[in-house]
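Engineer: For reference, the structure I am asking about is given below.
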Amino acid sequence: MAAGGFCKLPNGTVVVALNLPSPAAAGGSVRFLVHAQNRARALTRLRNLGLRAVYLRGNAAPPTPDEVTAVLHHPDGLIWRTAPVAGAVGGPDLVQELWHPIRALLRGPAAQT
């Protein structure tokens, strides 16, 4: 089951965060952030993009304040990045990946010329 959670904002909208297996061939997991009117609409946005088996059970991994800020400042309201490995300790040499728009994950690999 995917880890995930949500937080309700003062204006009534929600930010949903989900860790899902990567749809790319490389494997691993991806952390998705979705801003929507309610939890059902957030999950529907992901399902409409081809991530069919997306469910939110519980609130074990809600979005952090930094994640909420990132998704609110993105025009699409749907971003992702590679999920951190469980148990990894952050250090000065650990560079955190930037957030990507959803179209960067769903488009095919770049054509090589």
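Convention: chains lettered A, B, ... in structure tokens order; per-chain residue numbering from 1; ligands numbered from 1 as shown.
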Can you build me a table of region 60-83 of chain A residues sitting at most 6 Å from region 31-55 of chain A, with the closest atom pair per residue and its distance in Å to one decimal, using only C-alpha atoms, sorted by chain and residue number, as JSON lines?

Structural biologist:
{"residue": "A:Gly77", "atom": "CA", "partner": "A:His35", "partner_atom": "CA", "distance": 5.0}
{"residue": "A:Leu78", "atom": "CA", "partner": "A:Val34", "partner_atom": "CA", "distance": 4.6}
{"residue": "A:Ile79", "atom": "CA", "partner": "A:Leu33", "partner_atom": "CA", "distance": 5.4}
{"residue": "A:Trp80", "atom": "CA", "partner": "A:Phe32", "partner_atom": "CA", "distance": 4.4}
{"residue": "A:Arg81", "atom": "CA", "partner": "A:Arg31", "partner_atom": "CA", "distance": 5.5}
{"residue": "A:Thr82", "atom": "CA", "partner": "A:Arg31", "partner_atom": "CA", "distance": 6.0}
{"residue": "A:Ala83", "atom": "CA", "partner": "A:Arg31", "partner_atom": "CA", "distance": 5.0}

Engineer: Keeping N, CA and C atoms for every residue in the selection just given, could you write it to a file as a PDB file, in the first residue's frame?

Structural biologist:
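selection.pdb written:
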ATOM      1  N   GLY A  77      -0.584  22.707  -9.939  1.00  0.00           N
ATOM      2  CA  GLY A  77      -1.029  22.140  -8.680  1.00  0.00           C
ATOM      3  C   GLY A  77      -0.809  20.647  -8.583  1.00  0.00           C
ATOM      4  N   LEU A  78       0.114  20.114  -9.394  1.00  0.00           N
ATOM      5  CA  LEU A  78       0.413  18.683  -9.405  1.00  0.00           C
ATOM      6  C   LEU A  78       1.888  18.519  -9.731  1.00  0.00           C
ATOM      7  N   ILE A  79       2.675  18.111  -8.746  1.00  0.00           N
ATOM      8  CA  ILE A  79       4.119  17.993  -8.922  1.00  0.00           C
ATOM      9  C   ILE A  79       4.596  16.664  -8.343  1.00  0.00           C
ATOM     10  N   TRP A  80       5.851  16.307  -8.657  1.00  0.00           N
ATOM     11  CA  TRP A  80       6.430  15.053  -8.170  1.00  0.00           C
ATOM     12  C   TRP A  80       7.937  15.183  -8.040  1.00  0.00           C
ATOM     13  N   ARG A  81       8.512  14.284  -7.288  1.00  0.00           N
ATOM     14  CA  ARG A  81       9.957  14.063  -7.252  1.00  0.00           C
ATOM     15  C   ARG A  81      10.208  12.673  -6.699  1.00  0.00           C
ATOM     16  N   THR A  82      11.405  12.175  -6.877  1.00  0.00           N
ATOM     17  CA  THR A  82      11.747  10.855  -6.378  1.00  0.00           C
ATOM     18  C   THR A  82      11.635  10.856  -4.861  1.00  0.00           C
ATOM     19  N   ALA A  83      10.997   9.845  -4.324  1.00  0.00           N
ATOM     20  CA  ALA A  83      10.813   9.765  -2.878  1.00  0.00           C
ATOM     21  C   ALA A  83      12.142   9.409  -2.222  1.00  0.00           C
TER      22      ALA A  83
END

Engineer: In terms of the shortest atom-to-atom distance over only C-alpha atoms, which of A:Leu20, A:Val30, A:Leu9, A:Ala104 is closest to Thr69 (chain A)?

Structural biologist: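 With only C-alpha atoms as the atom set, the closest residue is A:Leu9.
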
Engineer: Which parts of region 13-81 of chain A does DSSP call alpha helix (DSSP H) when run on the backbone here, written out as JSON, numbers by chain?

Structural biologist: {"A": [39, 40, 41, 42, 43, 44, 45, 46, 47, 48, 65, 66, 67, 68, 69, 70, 71, 72]}

Engineer: The selected residues should be written to file as a CSV table (one decimal), in the first residue's frame (atoms: C-alpha atoms).

Structural biologist:
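result12.csv, written as the output of this step:
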chain,number,residue,atom,x,y,z
A,39,ARG,CA,-9.4,14.5,-1.5
A,40,ALA,CA,-11.6,12.8,-4.0
A,41,ARG,CA,-10.8,15.3,-6.7
A,42,ALA,CA,-7.1,15.1,-5.9
A,43,LEU,CA,-7.1,11.3,-6.4
A,44,THR,CA,-9.2,11.7,-9.6
A,45,ARG,CA,-6.6,14.0,-11.1
A,46,LEU,CA,-4.0,11.3,-10.6
A,47,ARG,CA,-6.3,8.5,-11.9
A,48,ASN,CA,-7.0,10.6,-15.0
A,65,PRO,CA,4.9,22.7,5.1
A,66,ASP,CA,7.7,22.9,2.5
A,67,GLU,CA,5.8,20.5,0.2
A,68,VAL,CA,2.5,22.5,0.7
A,69,THR,CA,4.3,25.7,-0.3
A,70,ALA,CA,5.8,24.0,-3.4
A,71,VAL,CA,2.5,22.7,-4.8
A,72,LEU,CA,0.7,25.9,-4.0

Engineer: List every residue of region 6-80 of chain A that DSSP, applied to the backbone of this structure, assigns to strand (DSSP E or B), and report them as a compact mmCIF listing (two decimals) with N, CA, C and O atoms, in the first residue's frame.

Structural biologist:
# COMPACT_ATOMS: atom_id res chain seq x y z
N PHE A 6 -2.76 13.86 3.82
CA PHE A 6 -3.32 15.09 3.30
C PHE A 6 -3.31 16.14 4.40
O PHE A 6 -3.14 15.83 5.58
N CYS A 7 -3.49 17.39 4.00
CA CYS A 7 -3.71 18.46 4.96
C CYS A 7 -4.75 19.40 4.36
O CYS A 7 -4.75 19.65 3.16
N LYS A 8 -5.63 19.86 5.21
CA LYS A 8 -6.67 20.78 4.78
C LYS A 8 -6.18 22.20 5.02
O LYS A 8 -5.69 22.52 6.10
N VAL A 14 -7.47 21.12 -0.21
CA VAL A 14 -6.57 20.15 0.41
C VAL A 14 -5.32 19.96 -0.45
O VAL A 14 -5.33 20.19 -1.66
N VAL A 15 -4.26 19.53 0.21
CA VAL A 15 -3.05 19.10 -0.47
C VAL A 15 -2.86 17.63 -0.09
O VAL A 15 -2.81 17.30 1.09
N VAL A 16 -2.81 16.77 -1.11
CA VAL A 16 -2.64 15.34 -0.90
C VAL A 16 -1.23 14.96 -1.33
O VAL A 16 -0.76 15.38 -2.38
N ALA A 17 -0.55 14.17 -0.50
CA ALA A 17 0.79 13.67 -0.80
C ALA A 17 0.73 12.15 -0.82
O ALA A 17 0.18 11.53 0.10
N LEU A 18 1.28 11.54 -1.87
CA LEU A 18 1.29 10.09 -2.01
C LEU A 18 2.66 9.61 -2.48
O LEU A 18 3.24 10.20 -3.38
N ASN A 19 3.15 8.54 -1.88
CA ASN A 19 4.33 7.85 -2.37
C ASN A 19 3.85 6.64 -3.15
O ASN A 19 3.19 5.76 -2.59
N LEU A 20 4.15 6.60 -4.44
CA LEU A 20 3.71 5.52 -5.31
C LEU A 20 4.90 4.94 -6.06
O LEU A 20 5.91 5.62 -6.25
N PRO A 21 4.78 3.68 -6.51
CA PRO A 21 5.84 3.14 -7.36
C PRO A 21 5.96 3.98 -8.62
O PRO A 21 4.97 4.45 -9.17
N SER A 29 10.43 4.78 -6.13
CA SER A 29 9.13 5.36 -5.81
C SER A 29 9.16 6.86 -6.02
O SER A 29 10.22 7.48 -6.05
N VAL A 30 7.98 7.41 -6.18
CA VAL A 30 7.82 8.82 -6.50
C VAL A 30 6.85 9.43 -5.50
O VAL A 30 5.87 8.80 -5.12
N ARG A 31 7.13 10.64 -5.06
CA ARG A 31 6.23 11.38 -4.17
C ARG A 31 5.45 12.38 -5.01
O ARG A 31 6.03 13.26 -5.64
N PHE A 32 4.15 12.21 -5.03
CA PHE A 32 3.25 13.10 -5.76
C PHE A 32 2.59 14.06 -4.79
O PHE A 32 2.20 13.66 -3.69
N LEU A 33 2.43 15.31 -5.20
CA LEU A 33 1.68 16.30 -4.44
C LEU A 33 0.59 16.85 -5.34
O LEU A 33 0.86 17.25 -6.47
N VAL A 34 -0.63 16.88 -4.83
CA VAL A 34 -1.77 17.35 -5.61
C VAL A 34 -2.55 18.36 -4.78
O VAL A 34 -2.89 18.09 -3.62
N HIS A 35 -2.86 19.50 -5.38
CA HIS A 35 -3.70 20.52 -4.75
C HIS A 35 -5.05 20.46 -5.44
O HIS A 35 -5.14 20.53 -6.65
N ALA A 36 -6.12 20.30 -4.65
CA ALA A 36 -7.46 20.19 -5.22
C ALA A 36 -8.51 20.67 -4.23
O ALA A 36 -8.19 20.98 -3.07
N LEU A 78 0.11 20.11 -9.39
CA LEU A 78 0.41 18.68 -9.41
C LEU A 78 1.89 18.52 -9.73
O LEU A 78 2.32 18.80 -10.85
N ILE A 79 2.67 18.11 -8.75
CA ILE A 79 4.12 17.99 -8.92
C ILE A 79 4.60 16.66 -8.34
O ILE A 79 3.87 15.99 -7.61
N TRP A 80 5.85 16.31 -8.66
CA TRP A 80 6.43 15.05 -8.17
C TRP A 80 7.94 15.18 -8.04
O TRP A 80 8.55 16.07 -8.60

Engineer: What is the CA of Gly27 (chain A) to CA of His73 (chain A) distance in Å?

Structural biologist: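 Between CA of Gly27 (chain A) and CA of His73 (chain A) the gap works out to 27.9 Å.
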
Engineer: Separation of CA of Arg103 (chain A) and CA of Ala61 (chain A), in Å?

Structural biologist: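 CA of Arg103 (chain A) sits 24.0 Å away from CA of Ala61 (chain A).
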
Engineer: By how many Å are CA of Pro63 (chain A) and CA of Gly28 (chain A) apart?

Structural biologist: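 Distance reported for this atom pair: 19.4 Å.
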